[in-house]
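Engineer: The structure under discussion is supplied below as structure tokens; questions concerning it will follow.
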Amino acid sequence: MYLAISEDVYEAFFTLVFTQKVVANYQIKLMIDDTKKEVIKQWKN
């Protein structure tokens, strides 16, 4: 299961060191999308 987030949210929140540690610790998978173009930009495991 992946957590879907917009590219804006990823750049603003998920690039913070704290958030990166939480994502790694809980092995959260991310799907980053471009909401304007309506395309998936990245899959992060």
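Here, A, B, ... name the chains of the structure tokens in the order displayed, residue numbers run from 1 inside each chain, and ligands are numbered from 1 in the same displayed order.
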Extract, using only C-alpha atoms, all DNA, RNA and protein residues at most 12 Å from Thr19 (chain A), discarding same-chain residues fewer than 6 positions from it, and format them as a list in words.
Structural biologist: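 Once the nearby chain positions are removed, what remains is Val9, Tyr10, Glu11, Ala12, Phe13, Asn25, Tyr26, Gln27 and Ile28 of chain A.
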Engineer: Write out as a list in words the set of residues from chain A that DSSP, computed on the backbone, places in alpha helix (DSSP H).
Structural biologist: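 Matching residues for alpha helix (DSSP H) in chain A are Glu7, Asp8, Val9, Val17, Phe18, Thr19, Gln20, Lys21, Val22, Val23, Ala24 and Asn25 of chain A.
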Engineer: Would you output that residue set with N, CA, C and O atoms, as an mmCIF file, in the first residue's frame?
Structural biologist:
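Writing done, so here's part32.cif:
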data_model
loop_
_atom_site.group_PDB
_atom_site.id
_atom_site.type_symbol
_atom_site.label_atom_id
_atom_site.label_comp_id
_atom_site.auth_asym_id
_atom_site.auth_seq_id
_atom_site.Cartn_x
_atom_site.Cartn_y
_atom_site.Cartn_z
ATOM 1 N N GLU A 7 3.171 16.488 -5.324
ATOM 2 C CA GLU A 7 4.576 16.889 -5.401
ATOM 3 C C GLU A 7 4.852 18.086 -4.492
ATOM 4 O O GLU A 7 5.899 18.160 -3.855
ATOM 5 N N ASP A 8 3.891 18.999 -4.386
ATOM 6 C CA ASP A 8 4.041 20.168 -3.504
ATOM 7 C C ASP A 8 4.180 19.754 -2.043
ATOM 8 O O ASP A 8 5.017 20.293 -1.316
ATOM 9 N N VAL A 9 3.351 18.826 -1.609
ATOM 10 C CA VAL A 9 3.409 18.341 -0.227
ATOM 11 C C VAL A 9 4.729 17.619 0.021
ATOM 12 O O VAL A 9 5.372 17.803 1.057
ATOM 13 N N VAL A 17 14.185 16.376 7.491
ATOM 14 C CA VAL A 17 14.927 15.257 8.084
ATOM 15 C C VAL A 17 14.024 14.422 8.990
ATOM 16 O O VAL A 17 14.028 13.189 8.924
ATOM 17 N N PHE A 18 13.243 15.079 9.833
ATOM 18 C CA PHE A 18 12.351 14.360 10.751
ATOM 19 C C PHE A 18 11.390 13.451 9.983
ATOM 20 O O PHE A 18 11.224 12.282 10.303
ATOM 21 N N THR A 19 10.773 14.006 8.951
ATOM 22 C CA THR A 19 9.802 13.245 8.172
ATOM 23 C C THR A 19 10.477 12.083 7.463
ATOM 24 O O THR A 19 9.922 10.984 7.407
ATOM 25 N N GLN A 20 11.670 12.294 6.933
ATOM 26 C CA GLN A 20 12.400 11.224 6.262
ATOM 27 C C GLN A 20 12.706 10.080 7.225
ATOM 28 O O GLN A 20 12.621 8.913 6.856
ATOM 29 N N LYS A 21 13.038 10.417 8.462
ATOM 30 C CA LYS A 21 13.320 9.382 9.468
ATOM 31 C C LYS A 21 12.066 8.580 9.800
ATOM 32 O O LYS A 21 12.111 7.362 9.941
ATOM 33 N N VAL A 22 10.933 9.257 9.927
ATOM 34 C CA VAL A 22 9.665 8.574 10.215
ATOM 35 C C VAL A 22 9.283 7.656 9.065
ATOM 36 O O VAL A 22 8.910 6.498 9.273
ATOM 37 N N VAL A 23 9.404 8.163 7.840
ATOM 38 C CA VAL A 23 9.076 7.361 6.652
ATOM 39 C C VAL A 23 9.961 6.120 6.600
ATOM 40 O O VAL A 23 9.479 5.009 6.349
ATOM 41 N N ALA A 24 11.246 6.278 6.864
ATOM 42 C CA ALA A 24 12.171 5.143 6.841
ATOM 43 C C ALA A 24 11.882 4.170 7.985
ATOM 44 O O ALA A 24 11.858 2.955 7.777
ATOM 45 N N ASN A 25 11.645 4.703 9.174
ATOM 46 C CA ASN A 25 11.408 3.864 10.347
ATOM 47 C C ASN A 25 10.145 3.009 10.199
ATOM 48 O O ASN A 25 10.140 1.829 10.540
#
Engineer: Once DSSP has gone over the backbone, tell me which residues of chain A are in strand (DSSP E or B), as a PDB file with N, CA and C atoms, in the first residue's frame.
Structural biologist:
ATOM      1  N   LEU A   3       1.162   5.609   0.180  1.00  0.00           N
ATOM      2  CA  LEU A   3       0.555   6.870   0.590  1.00  0.00           C
ATOM      3  C   LEU A   3       0.706   7.836  -0.583  1.00  0.00           C
ATOM      4  N   ALA A   4      -0.401   8.270  -1.156  1.00  0.00           N
ATOM      5  CA  ALA A   4      -0.372   9.179  -2.299  1.00  0.00           C
ATOM      6  C   ALA A   4      -0.323  10.618  -1.810  1.00  0.00           C
ATOM      7  N   ILE A   5       0.661  11.360  -2.312  1.00  0.00           N
ATOM      8  CA  ILE A   5       0.812  12.763  -1.940  1.00  0.00           C
ATOM      9  C   ILE A   5       1.161  13.574  -3.188  1.00  0.00           C
ATOM     10  N   SER A   6       0.837  14.841  -3.141  1.00  0.00           N
ATOM     11  CA  SER A   6       1.178  15.708  -4.272  1.00  0.00           C
ATOM     12  C   SER A   6       2.658  16.072  -4.200  1.00  0.00           C
ATOM     13  N   LEU A  30       5.683   5.790  -0.711  1.00  0.00           N
ATOM     14  CA  LEU A  30       5.072   7.020  -1.201  1.00  0.00           C
ATOM     15  C   LEU A  30       4.838   6.969  -2.703  1.00  0.00           C
ATOM     16  N   MET A  31       3.715   7.519  -3.121  1.00  0.00           N
ATOM     17  CA  MET A  31       3.448   7.767  -4.533  1.00  0.00           C
ATOM     18  C   MET A  31       3.304   9.275  -4.671  1.00  0.00           C
ATOM     19  N   ILE A  32       4.206   9.883  -5.420  1.00  0.00           N
ATOM     20  CA  ILE A  32       4.225  11.330  -5.568  1.00  0.00           C
ATOM     21  C   ILE A  32       3.647  11.669  -6.934  1.00  0.00           C
ATOM     22  N   ASP A  33       2.630  12.518  -6.930  1.00  0.00           N
ATOM     23  CA  ASP A  33       1.988  12.839  -8.208  1.00  0.00           C
ATOM     24  C   ASP A  33       2.006  14.331  -8.497  1.00  0.00           C
ATOM     25  N   ASP A  34       1.894  14.645  -9.769  1.00  0.00           N
ATOM     26  CA  ASP A  34       1.778  16.018 -10.245  1.00  0.00           C
ATOM     27  C   ASP A  34       0.293  16.246 -10.488  1.00  0.00           C
ATOM     28  N   VAL A  39      -0.313  13.138 -13.457  1.00  0.00           N
ATOM     29  CA  VAL A  39       0.583  12.010 -13.704  1.00  0.00           C
ATOM     30  C   VAL A  39       1.344  11.665 -12.432  1.00  0.00           C
ATOM     31  N   ILE A  40       1.746  10.413 -12.332  1.00  0.00           N
ATOM     32  CA  ILE A  40       2.566   9.970 -11.211  1.00  0.00           C
ATOM     33  C   ILE A  40       4.009  10.346 -11.522  1.00  0.00           C
ATOM     34  N   LYS A  41       4.641  11.051 -10.589  1.00  0.00           N
ATOM     35  CA  LYS A  41       6.018  11.501 -10.785  1.00  0.00           C
ATOM     36  C   LYS A  41       7.019  10.479 -10.254  1.00  0.00           C
ATOM     37  N   GLN A  42       6.702   9.861  -9.100  1.00  0.00           N
ATOM     38  CA  GLN A  42       7.668   8.969  -8.452  1.00  0.00           C
ATOM     39  C   GLN A  42       6.973   7.940  -7.590  1.00  0.00           C
ATOM     40  N   TRP A  43       7.572   6.765  -7.527  1.00  0.00           N
ATOM     41  CA  TRP A  43       7.211   5.733  -6.551  1.00  0.00           C
ATOM     42  C   TRP A  43       8.400   5.606  -5.628  1.00  0.00           C
ATOM     43  N   LYS A  44       8.212   5.739  -4.322  1.00  0.00           N
ATOM     44  CA  LYS A  44       9.315   5.605  -3.375  1.00  0.00           C
ATOM     45  C   LYS A  44       8.995   4.480  -2.400  1.00  0.00           C
TER      46      LYS A  44
END
